[in-house]
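**Student:** Below: one structure in structure tokens.
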Amino acid sequence: MSDFSEELVRSKTEDEQEESCMFSGTGMSFPWLQKHIETVATGGKKEKDFAQTTSACLSFIQEALLKHQWQQAAEYMHSYFQILEDSDSYKRQAAPEIIWKLGSEILFYHPKSNMETFNTFADRMKNIGVMNYLKISLQHVLYLLHHGMFEDANRNLSHAETWRYGEKSASQEVLINLIQAYKGLLQYYTWSKNKMELSRLDKEDYAYNTAFQNMLNHSGKMSVNLCTLIQTPGVWDPFVKSYVEMLEFYGDRDKAREVLTNYAYDEKFPSNPNAHIYLYNFLKREKAPREKLISVLKILYQIVPSHKLMLEFHRLLRKSEKEDHRKLALEVLFGVLDFAGCTKNITAWKYLAKYLRQTLMENHLAWVQEEWNSRKNWWPGFHFSFFWAKTNWKEDKALACEKALVAGILLGKGCRYFRYISKQDDQVIKKKIKRIKKSVKKYSIANPGL
Amino acid sequence: MATLRSLSPSAEHHNQSWPTYEDIYKKTIEIAKFLDLPRFPDITEDCYLHPNILCMKYLMEVNLPDEMNDLTCQVVKMTGIGEVDFLTFDPIAKMAKTVKYDVQAVAIIVIVLKLLFLLDDNLEWTLSNIAEKYNEKNKEDKPWFDFRKWYQVMKRSIDEKKQKWEEARAKYLWKSEKPLYHSSIDKGVVYKRREMVVNLQKQFSTLVDSVPTVEKKRPSSFQFNWTEGDSTRTCFHGHGLQGILKKKGQSLTTKNSLYWLSTQKFCRSYCKHVTTYEESNFSRSYQFIINLFSFLLRIKTSSLHEEVSLIEKRLFKAKYSKTKKKSRSRKGRK
């Protein structure tokens with residue numbers, strides 16, 4: 001057997017040699033061999049023209065969608081439906097999902113299509129093959145919500161909730177949880193509306209009680225629906241937020257705290273800065289001790305050092321009694337200003353100016369040097385260039401002054417930024433500039449030699 | 001006597017592929033043999049299937065000058081493929097075979113183009129330059145045929161046609177009126193599926209604008225139409241070949257004196273093909289010409305190439321018998 005295959009290989013290469021140099025040779029040619037090699041990919045069956053035309057059709061559909069040619073896409077789609085009857089069972093099973101994705105896209109944008117067409121299409125596609133029911137239902141619901149069709153969305157969700165088919169696979173499990181969660185979200189929406197109504201009603205009002213009762217009903221259902229999903233690892237911001245709001249309204253602080261802590265700290269969940277922000281805001285509302293708040297924000301600092309909450313974090317750290325907190329306060333401030341989005345944040349600069357003075361007054365030069373060492377190569381160009389001096393002075397004199405003070409302290413009074421600002425003649429802030437010059441003289445860490 | 005079993009398609013292939021030219025050709029011969037048909041009517045020079053006439057038709061269709069007809073007739077004569085006995089189909093003869101009339105005619109045209117232009121990606125363009133220069137200076141006279149201009153016009157036209165053909169193919173609906181099923185168990189499922197597909201199609205057909213019906217064209221076997229005086233699509237029928245012919249005594253001969261064979265050596269093994277076509281071995285011009293004609297006839301490029309090689313074999317019989325004696329002599333394109 002092996003000899004024969006060797007022979008085949010040899011003769012094929014000889015054949016190629018013959019073709020390439022057009023010499024007369026003694027090679028054999030096996031044109032049929034090429035065809036057989038091609039069929040290896042298709043599992044031994046020659047690719048029929050049906051498969052070829054349908055895949056060409058698919059690429060035409062995709063091209064038309066890319067070019068926003070909805071008309072053309074619909075034409076090709078019309079011909080593509082025949083793939084649902086493909087004798088190749090593998091292709092036949094994969095077809096509904098493809099058709100749903102492309103078809104829904106077309107129906108969403110086509111000028112002649114409307115909600116009714118979309119709904120009919122979705123209903124049809126749901127019932128082709130069992131595995132797609134939940135996924136398509138969910139996407140259908142999102143479409144309805146997008147168009148504000150609340151009741152229909154709710155109805156669809158209810159249908160989907162009760163779907164069962166033999167043993168559920170893991171992926172279907174997640175979908176079912178999602179569907180319940182969206183139901184919960186819709187219930188939150190109704191609950192929220194009721195809440196607003198309630199706030200306008202008087203306690204004495206007869207409608208008050210019914211409204212209150214309605215709300216209670218919804219909240220009960222909400223709990224049930226949202227609970228399961230929130231416990232599975234994932235990013236569920238809108239669901240968590242609504243759930244916590246409801247819990248807080250009814251005074252169940254413990255449960256709320258539990259949910260938020262779990263959401264932020266459970267290792268199985270993906271790292272999510274919002275989780276920490278929600279927890280922090282909740283604790284702030286609860287008037288939790290400073291230590292607790294600091295520990296929560298510390299994690300946020302590690303994930304998103306440029307977040308606007310960092311300034312709040314700095315304030316908390318600054319007031320602490322622990323020395324390493326105060327050191328961290330300086331770190332945090334420098335960290336915030338590392339990012340381009342905060343370069344014009346006057347609060348950040350004000351804090352930095354003030355805190356630098358404070359730190360140096362307390363003789364913590366080492367802290368400042370440590371922070372400055374890694375930055376002295378690029379901060380001058382990043383923040384304190386001549387261009388920035390001019391722009392800042394033109395746009396916001398207060399900001400320019402704060403920055404000038406920082407620049408003076410860190411780079412010395414010879415630096416461009418400080419020189420430019422100090423030379424400015426402005427009646428209003430003349431005094432301020434004088435004060436800045438004095439501070440710089442007193443506190444600057446820059447050596448004249450550098 | 002061949003049995004009909006070899007002719008019946010399997011259930012799998014039902015409506016899933018278009019039959020190829022080769023298939024139909026083989027089956028024609030098999031059926032004719034099976035039915036014991038007598039010799040077909042003679043194909044003489046004034047018959048439509050005679051290469052002279054078919055060449056004329058295809059020359060017109062691909063927008064080549066009418067003057068090339070002389071050359072095609074000459075090649076036909078020299079190769080002997082215009083003979084009655086060669087052309088007529090005789091199923092009960094010992095070796096029943098028939099001629100692929102259209103493929104052969106087109107192959108002749110390819111050979112004539114090779115004779116005139118060599119098609120080595122070089123000479124044809126040089127000759128085009130000469131023709132262009134002449135045409136610019138002599139706008140009143142009958143223009144010389146310019147290969148480059150012809151190529152540009154044909155390429156554009158063929159690309160358009162090919163695009164439309166591909167689009168039509170992609171939209172082709174394969175399934176028959178009644179759905180097929182293998183057994184009674186499948187019947188329910190298959191019918192349900194068909195119903196779904198029909199409903200979906202109905203829904204989407206409302207989104208598609210009804211195409212305004214194109215004026216009914218008279219049935220014609222011509223895929224291209226070229227008319228004089230159309231400025232956007234030049235018609236080359238009336239152009240002259242003076243630029244590429246020169247006088248030699250009493251007659252004209254081609255300026256090009258070289259030729260290269262499409263196939264050096266034919267294999268004599270048990271495989272059914274005589275030669276293979278590996279595109280990258282040939283010049284771009286040759287590839288273009290082969291692609292053009294094989295698209296026109298909807299056949300595989302290798303089939304056309306094979307036919308060209310076979311006719312060249314006839315044409316250069318002498319040269320071939322020489323190569324058999326000399327082995328490993330350097331040949332090929334000069």
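How things are named: the first chain in the structure tokens is A, the next is B, and so on; residues count from 1 in each chain; ligands count from 1 in the order shown.
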If you count only C-alpha atoms, which residues fall within 7 Å of stretch 56-73 of chain B, apart from same-chain ones fewer than 6 positions away, as a list in words?

**Tutor:**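 Once the nearby chain positions are removed, what remains is Val106, Ile108, Ile109, Val112, Phe222, Phe224, Asn225, Trp226, Cys235, Phe236, His237, Gly238, His239, Gly240 and Leu241 of chain B.
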
**Student:** Kindly save the residues from that selection, with N, CA and C atoms included, as an mmCIF file, in the first residue's frame.

**Tutor:**
data_model
loop_
_atom_site.group_PDB
_atom_site.id
_atom_site.type_symbol
_atom_site.label_atom_id
_atom_site.label_comp_id
_atom_site.auth_asym_id
_atom_site.auth_seq_id
_atom_site.Cartn_x
_atom_site.Cartn_y
_atom_site.Cartn_z
ATOM 1 N N VAL B 106 -14.053 27.158 -31.797
ATOM 2 C CA VAL B 106 -13.434 28.173 -30.954
ATOM 3 C C VAL B 106 -11.938 27.925 -30.838
ATOM 4 N N ILE B 108 -10.044 26.669 -33.082
ATOM 5 C CA ILE B 108 -9.431 27.160 -34.317
ATOM 6 C C ILE B 108 -9.158 28.657 -34.206
ATOM 7 N N ILE B 109 -10.114 29.366 -33.673
ATOM 8 C CA ILE B 109 -9.926 30.816 -33.535
ATOM 9 C C ILE B 109 -8.746 31.118 -32.623
ATOM 10 N N VAL B 112 -5.640 30.640 -34.554
ATOM 11 C CA VAL B 112 -5.414 31.743 -35.487
ATOM 12 C C VAL B 112 -4.874 32.957 -34.746
ATOM 13 N N PHE B 222 -26.669 34.352 -29.733
ATOM 14 C CA PHE B 222 -25.558 35.268 -29.548
ATOM 15 C C PHE B 222 -25.618 35.889 -28.161
ATOM 16 N N PHE B 224 -23.331 38.245 -27.283
ATOM 17 C CA PHE B 224 -22.855 39.611 -27.438
ATOM 18 C C PHE B 224 -23.358 40.163 -28.758
ATOM 19 N N ASN B 225 -23.628 41.422 -28.763
ATOM 20 C CA ASN B 225 -24.041 42.066 -29.995
ATOM 21 C C ASN B 225 -23.184 43.279 -30.239
ATOM 22 N N TRP B 226 -22.593 43.320 -31.404
ATOM 23 C CA TRP B 226 -21.740 44.464 -31.687
ATOM 24 C C TRP B 226 -22.279 45.167 -32.912
ATOM 25 N N CYS B 235 -16.870 48.341 -32.493
ATOM 26 C CA CYS B 235 -17.098 47.103 -33.222
ATOM 27 C C CYS B 235 -15.898 46.878 -34.131
ATOM 28 N N PHE B 236 -15.279 45.735 -34.025
ATOM 29 C CA PHE B 236 -14.050 45.491 -34.762
ATOM 30 C C PHE B 236 -14.260 44.654 -36.019
ATOM 31 N N HIS B 237 -15.490 44.393 -36.338
ATOM 32 C CA HIS B 237 -15.745 43.483 -37.464
ATOM 33 C C HIS B 237 -15.104 43.966 -38.750
ATOM 34 N N GLY B 238 -15.179 45.293 -38.941
ATOM 35 C CA GLY B 238 -14.718 45.794 -40.221
ATOM 36 C C GLY B 238 -13.232 46.137 -40.254
ATOM 37 N N HIS B 239 -12.551 45.918 -39.139
ATOM 38 C CA HIS B 239 -11.147 46.323 -39.115
ATOM 39 C C HIS B 239 -10.279 45.416 -39.966
ATOM 40 N N GLY B 240 -9.158 45.954 -40.376
ATOM 41 C CA GLY B 240 -8.297 45.220 -41.288
ATOM 42 C C GLY B 240 -7.104 44.595 -40.592
ATOM 43 N N LEU B 241 -6.567 43.568 -41.243
ATOM 44 C CA LEU B 241 -5.432 42.869 -40.656
ATOM 45 C C LEU B 241 -4.117 43.263 -41.305
#

**Student:** Pick from A:Lys423, A:Ala181, A:Met361, A:Leu107: nearest to A:His68, with only C-alpha atoms counted?

**Tutor:**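 Of all the options, A:Leu107 lies closest to A:His68.
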
**Student:** My list of candidates is B:Trp150, B:Trp174, B:Phe86, B:Phe145. Which is closest to B:Ile289 when distances are computed with only C-alpha atoms?

**Tutor:**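 Nearest candidate to B:Ile289 out of B:Trp150, B:Trp174, B:Phe86, B:Phe145: B:Trp150.
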
**Student:** Any idea what the distance is between atom CA of A:Glu97 and atom CA of A:Asn132?

**Tutor:** 7.1 Å

**Student:** Which residue gives the smallest distance to chain A among B:Pro51, B:Pro179, B:Pro38, B:Pro143, with only C-alpha atoms counted?

**Tutor:**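 Of the candidates, the smallest distance to chain A is held by B:Pro179.
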
**Student:** So what do you get for atom CA of A:Leu333 versus atom CA of A:Tyr351, distance-wise?

**Tutor:**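 Computing it gives 7.8 Å between the two atoms.
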
**Student:** Near B:Phe40, counting only C-alpha atoms, which residues have an atom at most 10 Å away, once you skip same-chain residues fewer than 5 positions from it, shown as a VMD selection string?

**Tutor:** chain B and resid 88 to 91

**Student:** Suppose you want the space between atom CA of A:Phe249 and atom CA of A:Phe212; what is it in Å?

**Tutor:**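 Here the two named atoms are 12.0 Å from each other.
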
**Student:** Could you give me, as a ChimeraX atom specification, the residues within 12 Å of A:Pro111, counting only C-alpha atoms and dropping anything in the same chain fewer than 3 positions from it?

**Tutor:** /A:68-71,74,106-108,114-115,117 /B:206-209

**Student:** Apply DSSP to the backbone of this structure and, from stretch 68-122 of chain B, keep only the residues in helix (DSSP H, G or I); write these as a tab-separated table (two decimals) with all heavy atoms, in the first residue's frame.

**Tutor:**
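Final file, part.tsv:
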chain	number	residue	atom	x	y	z
B	68	MET	N	-10.46	37.63	-40.49
B	68	MET	CA	-9.83	36.45	-39.90
B	68	MET	C	-10.46	35.17	-40.41
B	68	MET	O	-9.90	34.08	-40.23
B	68	MET	CB	-9.96	36.50	-38.37
B	68	MET	CG	-9.00	37.46	-37.72
B	68	MET	SD	-8.89	37.13	-35.97
B	68	MET	CE	-7.88	38.46	-35.44
B	69	ASN	N	-11.61	35.30	-41.01
B	69	ASN	CA	-12.30	34.12	-41.51
B	69	ASN	C	-11.45	33.35	-42.51
B	69	ASN	O	-11.44	32.11	-42.50
B	69	ASN	CB	-13.61	34.57	-42.16
B	69	ASN	CG	-14.70	33.56	-41.91
B	69	ASN	OD1	-14.45	32.50	-41.36
B	69	ASN	ND2	-15.89	33.89	-42.35
B	70	ASP	N	-10.73	34.11	-43.36
B	70	ASP	CA	-9.85	33.42	-44.32
B	70	ASP	C	-8.89	32.50	-43.61
B	70	ASP	O	-8.68	31.35	-43.99
B	70	ASP	CB	-9.02	34.46	-45.10
B	70	ASP	CG	-9.87	35.19	-46.10
B	70	ASP	OD1	-10.85	34.58	-46.59
B	70	ASP	OD2	-9.58	36.36	-46.38
B	71	LEU	N	-8.30	33.05	-42.58
B	71	LEU	CA	-7.29	32.27	-41.87
B	71	LEU	C	-7.90	31.04	-41.21
B	71	LEU	O	-7.32	29.95	-41.25
B	71	LEU	CB	-6.61	33.15	-40.82
B	71	LEU	CG	-5.69	34.21	-41.43
B	71	LEU	CD1	-5.45	35.33	-40.45
B	71	LEU	CD2	-4.39	33.59	-41.85
B	72	THR	N	-9.09	31.21	-40.64
B	72	THR	CA	-9.69	30.04	-39.99
B	72	THR	C	-9.99	28.97	-41.03
B	72	THR	O	-9.77	27.77	-40.79
B	72	THR	CB	-10.98	30.40	-39.22
B	72	THR	OG1	-11.90	30.99	-40.13
B	72	THR	CG2	-10.69	31.34	-38.08
B	73	CYS	N	-10.46	29.39	-42.19
B	73	CYS	CA	-10.74	28.39	-43.22
B	73	CYS	C	-9.48	27.66	-43.63
B	73	CYS	O	-9.48	26.44	-43.83
B	73	CYS	CB	-11.37	29.06	-44.44
B	73	CYS	SG	-13.03	29.65	-44.11
B	74	GLN	N	-8.40	28.41	-43.71
B	74	GLN	CA	-7.13	27.77	-44.10
B	74	GLN	C	-6.69	26.75	-43.07
B	74	GLN	O	-6.28	25.64	-43.41
B	74	GLN	CB	-6.03	28.83	-44.22
B	74	GLN	CG	-6.07	29.58	-45.54
B	74	GLN	CD	-4.90	30.52	-45.64
B	74	GLN	OE1	-3.77	30.14	-45.34
B	74	GLN	NE2	-5.17	31.75	-46.03
B	75	VAL	N	-6.81	27.12	-41.80
B	75	VAL	CA	-6.41	26.18	-40.75
B	75	VAL	C	-7.28	24.93	-40.80
B	75	VAL	O	-6.81	23.80	-40.65
B	75	VAL	CB	-6.48	26.85	-39.36
B	75	VAL	CG1	-6.24	25.85	-38.26
B	75	VAL	CG2	-5.49	27.98	-39.27
B	76	VAL	N	-8.56	25.15	-41.03
B	76	VAL	CA	-9.48	24.01	-41.12
B	76	VAL	C	-9.04	23.06	-42.22
B	76	VAL	O	-9.00	21.84	-42.06
B	76	VAL	CB	-10.92	24.51	-41.38
B	76	VAL	CG1	-11.82	23.37	-41.79
B	76	VAL	CG2	-11.47	25.18	-40.13
B	77	LYS	N	-8.66	23.68	-43.37
B	77	LYS	CA	-8.26	22.86	-44.50
B	77	LYS	C	-7.00	22.07	-44.18
B	77	LYS	O	-6.91	20.87	-44.42
B	77	LYS	CB	-8.00	23.78	-45.68
B	77	LYS	CG	-8.02	23.11	-46.98
B	77	LYS	CD	-8.46	24.05	-48.06
B	77	LYS	CE	-8.43	23.34	-49.39
B	77	LYS	NZ	-8.56	24.29	-50.44
B	78	MET	N	-6.03	22.78	-43.59
B	78	MET	CA	-4.75	22.14	-43.34
B	78	MET	C	-4.86	21.00	-42.34
B	78	MET	O	-4.15	20.00	-42.42
B	78	MET	CB	-3.73	23.16	-42.81
B	78	MET	CG	-3.14	24.00	-43.93
B	78	MET	SD	-2.35	25.50	-43.33
B	78	MET	CE	-1.12	24.90	-42.27
B	79	THR	N	-5.73	21.15	-41.38
B	79	THR	CA	-5.84	20.09	-40.37
B	79	THR	C	-6.79	18.99	-40.77
B	79	THR	O	-6.88	17.96	-40.12
B	79	THR	CB	-6.32	20.66	-39.03
B	79	THR	OG1	-7.54	21.39	-39.29
B	79	THR	CG2	-5.31	21.57	-38.41
B	84	VAL	N	-15.95	15.71	-44.48
B	84	VAL	CA	-17.29	15.21	-44.16
B	84	VAL	C	-17.24	14.02	-43.23
B	84	VAL	O	-17.95	13.95	-42.23
B	84	VAL	CB	-18.03	14.82	-45.47
B	84	VAL	CG1	-19.33	14.15	-45.16
B	84	VAL	CG2	-18.25	16.06	-46.30
B	85	ASP	N	-16.36	13.10	-43.55
B	85	ASP	CA	-16.32	11.88	-42.75
B	85	ASP	C	-15.86	12.15	-41.33
B	85	ASP	O	-16.27	11.49	-40.39
B	85	ASP	CB	-15.37	10.86	-43.40
B	85	ASP	CG	-16.01	10.25	-44.63
B	85	ASP	OD1	-17.25	10.12	-44.63
B	85	ASP	OD2	-15.27	9.92	-45.57
B	86	PHE	N	-14.99	13.13	-41.21
B	86	PHE	CA	-14.49	13.46	-39.87
B	86	PHE	C	-15.59	14.06	-39.01
B	86	PHE	O	-15.70	13.78	-37.82
B	86	PHE	CB	-13.32	14.44	-40.01
B	86	PHE	CG	-12.76	14.90	-38.70
B	86	PHE	CD1	-11.87	14.10	-38.01
B	86	PHE	CD2	-13.13	16.12	-38.15
B	86	PHE	CE1	-11.35	14.52	-36.80
B	86	PHE	CE2	-12.61	16.54	-36.95
B	86	PHE	CZ	-11.72	15.74	-36.28
B	87	LEU	N	-16.41	14.87	-39.66
B	87	LEU	CA	-17.38	15.63	-38.89
B	87	LEU	C	-18.67	14.87	-38.58
B	87	LEU	O	-19.31	15.12	-37.57
B	87	LEU	CB	-17.75	16.91	-39.65
B	87	LEU	CG	-16.69	17.98	-39.71
B	87	LEU	CD1	-17.09	19.06	-40.69
B	87	LEU	CD2	-16.48	18.60	-38.34
B	101	TYR	N	-18.35	20.28	-31.86
B	101	TYR	CA	-18.33	21.26	-32.94
B	101	TYR	C	-17.96	22.66	-32.48
B	101	TYR	O	-17.10	23.31	-33.06
B	101	TYR	CB	-19.68	21.27	-33.66
B	101	TYR	CG	-20.05	19.93	-34.22
B	101	TYR	CD1	-21.01	19.14	-33.59
B	101	TYR	CD2	-19.42	19.43	-35.36
B	101	TYR	CE1	-21.33	17.90	-34.09
B	101	TYR	CE2	-19.73	18.18	-35.86
B	101	TYR	CZ	-20.69	17.41	-35.22
B	101	TYR	OH	-21.00	16.18	-35.70
B	102	ASP	N	-18.67	23.09	-31.43
B	102	ASP	CA	-18.43	24.47	-31.02
B	102	ASP	C	-17.05	24.65	-30.38
B	102	ASP	O	-16.36	25.65	-30.63
B	102	ASP	CB	-19.54	24.95	-30.07
B	102	ASP	CG	-19.95	23.88	-29.08
B	102	ASP	OD1	-19.31	22.80	-29.04
B	102	ASP	OD2	-20.90	24.13	-28.33
B	103	VAL	N	-16.66	23.66	-29.58
B	103	VAL	CA	-15.35	23.78	-28.93
B	103	VAL	C	-14.25	23.80	-29.98
B	103	VAL	O	-13.29	24.56	-29.91
B	103	VAL	CB	-15.12	22.60	-27.97
B	103	VAL	CG1	-13.82	22.79	-27.22
B	103	VAL	CG2	-16.26	22.48	-27.00
B	104	GLN	N	-14.45	22.98	-31.00
B	104	GLN	CA	-13.45	22.90	-32.05
B	104	GLN	C	-13.33	24.23	-32.79
B	104	GLN	O	-12.23	24.71	-33.06
B	104	GLN	CB	-13.86	21.82	-33.03
B	104	GLN	CG	-12.75	21.38	-33.92
B	104	GLN	CD	-13.22	20.21	-34.74
B	104	GLN	OE1	-13.99	20.37	-35.67
B	104	GLN	NE2	-12.74	19.05	-34.40
B	105	ALA	N	-14.49	24.79	-33.13
B	105	ALA	CA	-14.47	26.05	-33.87
B	105	ALA	C	-13.76	27.12	-33.08
B	105	ALA	O	-12.93	27.88	-33.60
B	105	ALA	CB	-15.91	26.49	-34.16
B	106	VAL	N	-14.05	27.16	-31.80
B	106	VAL	CA	-13.43	28.17	-30.95
B	106	VAL	C	-11.94	27.92	-30.84
B	106	VAL	O	-11.13	28.86	-30.84
B	106	VAL	CB	-14.15	28.15	-29.58
B	106	VAL	CG1	-13.27	28.71	-28.52
B	106	VAL	CG2	-15.43	28.93	-29.66
B	107	ALA	N	-11.56	26.64	-30.77
B	107	ALA	CA	-10.14	26.31	-30.69
B	107	ALA	C	-9.40	26.79	-31.93
B	107	ALA	O	-8.26	27.28	-31.85
B	107	ALA	CB	-9.96	24.81	-30.52
B	108	ILE	N	-10.04	26.67	-33.08
B	108	ILE	CA	-9.43	27.16	-34.32
B	108	ILE	C	-9.16	28.66	-34.21
B	108	ILE	O	-8.08	29.14	-34.58
B	108	ILE	CB	-10.36	26.92	-35.52
B	108	ILE	CG1	-10.72	25.48	-35.63
B	108	ILE	CG2	-9.73	27.46	-36.79
B	108	ILE	CD1	-9.88	24.69	-36.54
B	109	ILE	N	-10.11	29.37	-33.67
B	109	ILE	CA	-9.93	30.82	-33.53
B	109	ILE	C	-8.75	31.12	-32.62
B	109	ILE	O	-7.94	32.02	-32.89
B	109	ILE	CB	-11.20	31.49	-33.00
B	109	ILE	CG1	-12.37	31.23	-33.95
B	109	ILE	CG2	-10.99	32.97	-32.80
B	109	ILE	CD1	-13.66	31.85	-33.51
B	110	VAL	N	-8.63	30.34	-31.56
B	110	VAL	CA	-7.52	30.56	-30.64
B	110	VAL	C	-6.20	30.35	-31.36
B	110	VAL	O	-5.25	31.12	-31.23
B	110	VAL	CB	-7.61	29.59	-29.43
B	110	VAL	CG1	-6.38	29.71	-28.56
B	110	VAL	CG2	-8.84	29.90	-28.61
B	111	ILE	N	-6.17	29.29	-32.19
B	111	ILE	CA	-4.94	29.00	-32.92
B	111	ILE	C	-4.62	30.13	-33.89
B	111	ILE	O	-3.46	30.55	-34.02
B	111	ILE	CB	-5.06	27.66	-33.65
B	111	ILE	CG1	-5.11	26.54	-32.61
B	111	ILE	CG2	-3.90	27.45	-34.59
B	111	ILE	CD1	-5.33	25.19	-33.19
B	112	VAL	N	-5.64	30.64	-34.55
B	112	VAL	CA	-5.41	31.74	-35.49
B	112	VAL	C	-4.87	32.96	-34.75
B	112	VAL	O	-3.94	33.63	-35.21
B	112	VAL	CB	-6.72	32.09	-36.23
B	112	VAL	CG1	-6.61	33.42	-36.92
B	112	VAL	CG2	-7.05	31.01	-37.22
B	113	LEU	N	-5.42	33.20	-33.58
B	113	LEU	CA	-4.92	34.33	-32.79
B	113	LEU	C	-3.46	34.11	-32.41
B	113	LEU	O	-2.65	35.04	-32.41
B	113	LEU	CB	-5.77	34.52	-31.53
B	113	LEU	CG	-7.13	35.18	-31.75
B	113	LEU	CD1	-7.97	35.13	-30.49
B	113	LEU	CD2	-6.97	36.62	-32.19
B	114	LYS	N	-3.14	32.87	-32.08
B	114	LYS	CA	-1.75	32.57	-31.76
B	114	LYS	C	-0.86	32.76	-32.96
B	114	LYS	O	0.27	33.24	-32.86
B	114	LYS	CB	-1.62	31.14	-31.24
B	114	LYS	CG	-1.87	31.02	-29.75
B	114	LYS	CD	-2.03	29.58	-29.33
B	114	LYS	CE	-0.70	28.95	-28.98
B	114	LYS	NZ	-0.87	27.63	-28.40
B	115	LEU	N	-1.34	32.37	-34.12
B	115	LEU	CA	-0.54	32.53	-35.32
B	115	LEU	C	-0.30	34.00	-35.61
B	115	LEU	O	0.79	34.40	-36.01
B	115	LEU	CB	-1.27	31.90	-36.52
B	115	LEU	CG	-1.22	30.38	-36.63
B	115	LEU	CD1	-2.21	29.91	-37.68
B	115	LEU	CD2	0.18	29.94	-37.00
B	116	LEU	N	-1.33	34.80	-35.41
B	116	LEU	CA	-1.20	36.21	-35.75
B	116	LEU	C	-0.42	36.99	-34.70
B	116	LEU	O	0.38	37.86	-35.01
B	116	LEU	CB	-2.60	36.85	-35.89
B	116	LEU	CG	-3.41	36.40	-37.10
B	116	LEU	CD1	-4.81	36.98	-37.00
B	116	LEU	CD2	-2.75	36.86	-38.38
B	117	PHE	N	-0.69	36.71	-33.45
B	117	PHE	CA	-0.16	37.55	-32.39
B	117	PHE	C	0.83	36.87	-31.46
B	117	PHE	O	1.34	37.51	-30.55
B	117	PHE	CB	-1.32	38.11	-31.54
B	117	PHE	CG	-2.24	39.01	-32.29
B	117	PHE	CD1	-3.49	38.56	-32.67
B	117	PHE	CD2	-1.85	40.29	-32.64
B	117	PHE	CE1	-4.35	39.39	-33.38
B	117	PHE	CE2	-2.70	41.12	-33.34
B	117	PHE	CZ	-3.95	40.67	-33.72

**Student:** Restricting the calculation to only C-alpha atoms, which member of B:Lys175, B:His305, B:Lys142, B:Lys161 is positioned closest to chain A?

**Tutor:**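 For chain A, the nearest of the given residues is B:Lys175.
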
**Student:** Could you list, as an mmCIF file with N, CA and C atoms, in the first residue's frame, every residue within 10 Å of A:Lys308, counting only C-alpha atoms and ignoring same-chain residues fewer than 2 positions away?

**Tutor:**
data_model
loop_
_atom_site.group_PDB
_atom_site.id
_atom_site.type_symbol
_atom_site.label_atom_id
_atom_site.label_comp_id
_atom_site.auth_asym_id
_atom_site.auth_seq_id
_atom_site.Cartn_x
_atom_site.Cartn_y
_atom_site.Cartn_z
ATOM 1 N N VAL A 304 -9.005 51.620 37.855
ATOM 2 C CA VAL A 304 -9.179 52.806 36.996
ATOM 3 C C VAL A 304 -8.580 54.011 37.688
ATOM 4 N N PRO A 305 -7.281 54.195 37.608
ATOM 5 C CA PRO A 305 -6.667 55.297 38.345
ATOM 6 C C PRO A 305 -7.103 56.678 37.867
ATOM 7 N N SER A 306 -7.751 56.775 36.741
ATOM 8 C CA SER A 306 -8.102 58.090 36.223
ATOM 9 C C SER A 306 -9.553 58.448 36.489
ATOM 10 N N MET A 310 -11.527 59.488 42.052
ATOM 11 C CA MET A 310 -10.205 59.495 42.671
ATOM 12 C C MET A 310 -9.954 60.766 43.472
ATOM 13 N N LEU A 311 -10.589 61.842 43.024
ATOM 14 C CA LEU A 311 -10.403 63.079 43.782
ATOM 15 C C LEU A 311 -11.070 62.964 45.144
ATOM 16 N N GLU A 312 -12.228 62.300 45.147
ATOM 17 C CA GLU A 312 -12.914 62.050 46.412
ATOM 18 C C GLU A 312 -12.066 61.149 47.299
ATOM 19 N N PHE A 313 -11.477 60.150 46.655
ATOM 20 C CA PHE A 313 -10.593 59.217 47.343
ATOM 21 C C PHE A 313 -9.444 59.974 47.988
ATOM 22 N N VAL A 336 -3.882 60.525 38.889
ATOM 23 C CA VAL A 336 -4.989 61.101 38.122
ATOM 24 C C VAL A 336 -4.459 62.000 37.015
ATOM 25 N N CYS A 342 -7.480 64.454 32.174
ATOM 26 C CA CYS A 342 -7.589 65.283 33.380
ATOM 27 C C CYS A 342 -6.676 66.494 33.357
ATOM 28 N N ASN A 345 -8.230 69.671 34.542
ATOM 29 C CA ASN A 345 -9.091 69.588 35.717
ATOM 30 C C ASN A 345 -8.541 70.487 36.823
ATOM 31 N N ALA A 348 -8.118 69.032 40.417
ATOM 32 C CA ALA A 348 -6.965 68.154 40.590
ATOM 33 C C ALA A 348 -5.702 68.972 40.800
#

**Student:** Can you work out which one of A:Lys403, A:Lys284, A:His147, A:Lys135 has the shortest atom-to-atom distance to A:Ile421, counting only C-alpha atoms?

**Tutor:**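 Nearest candidate to A:Ile421 out of A:Lys403, A:Lys284, A:His147, A:Lys135: A:Lys403.
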
**Student:** Near A:Lys298, counting only C-alpha atoms, which residues have an atom at most 12 Å away, once you skip same-chain residues fewer than 3 positions from it, shown as number ranges by chain?

**Tutor:** A: 273, 276-277, 280, 291-295, 301-305, 307, 309-310, 312-314, 316-317, 325, 328-329, 331-332

**Student:** Tell me, as a PyMOL selection string, which residues lie within 12 Å of stretch 65-67 of chain A, counting only C-alpha atoms; anything in the same chain fewer than 2 positions away does not count.

**Tutor:** chain A and resi 58-63+69-77+101-110
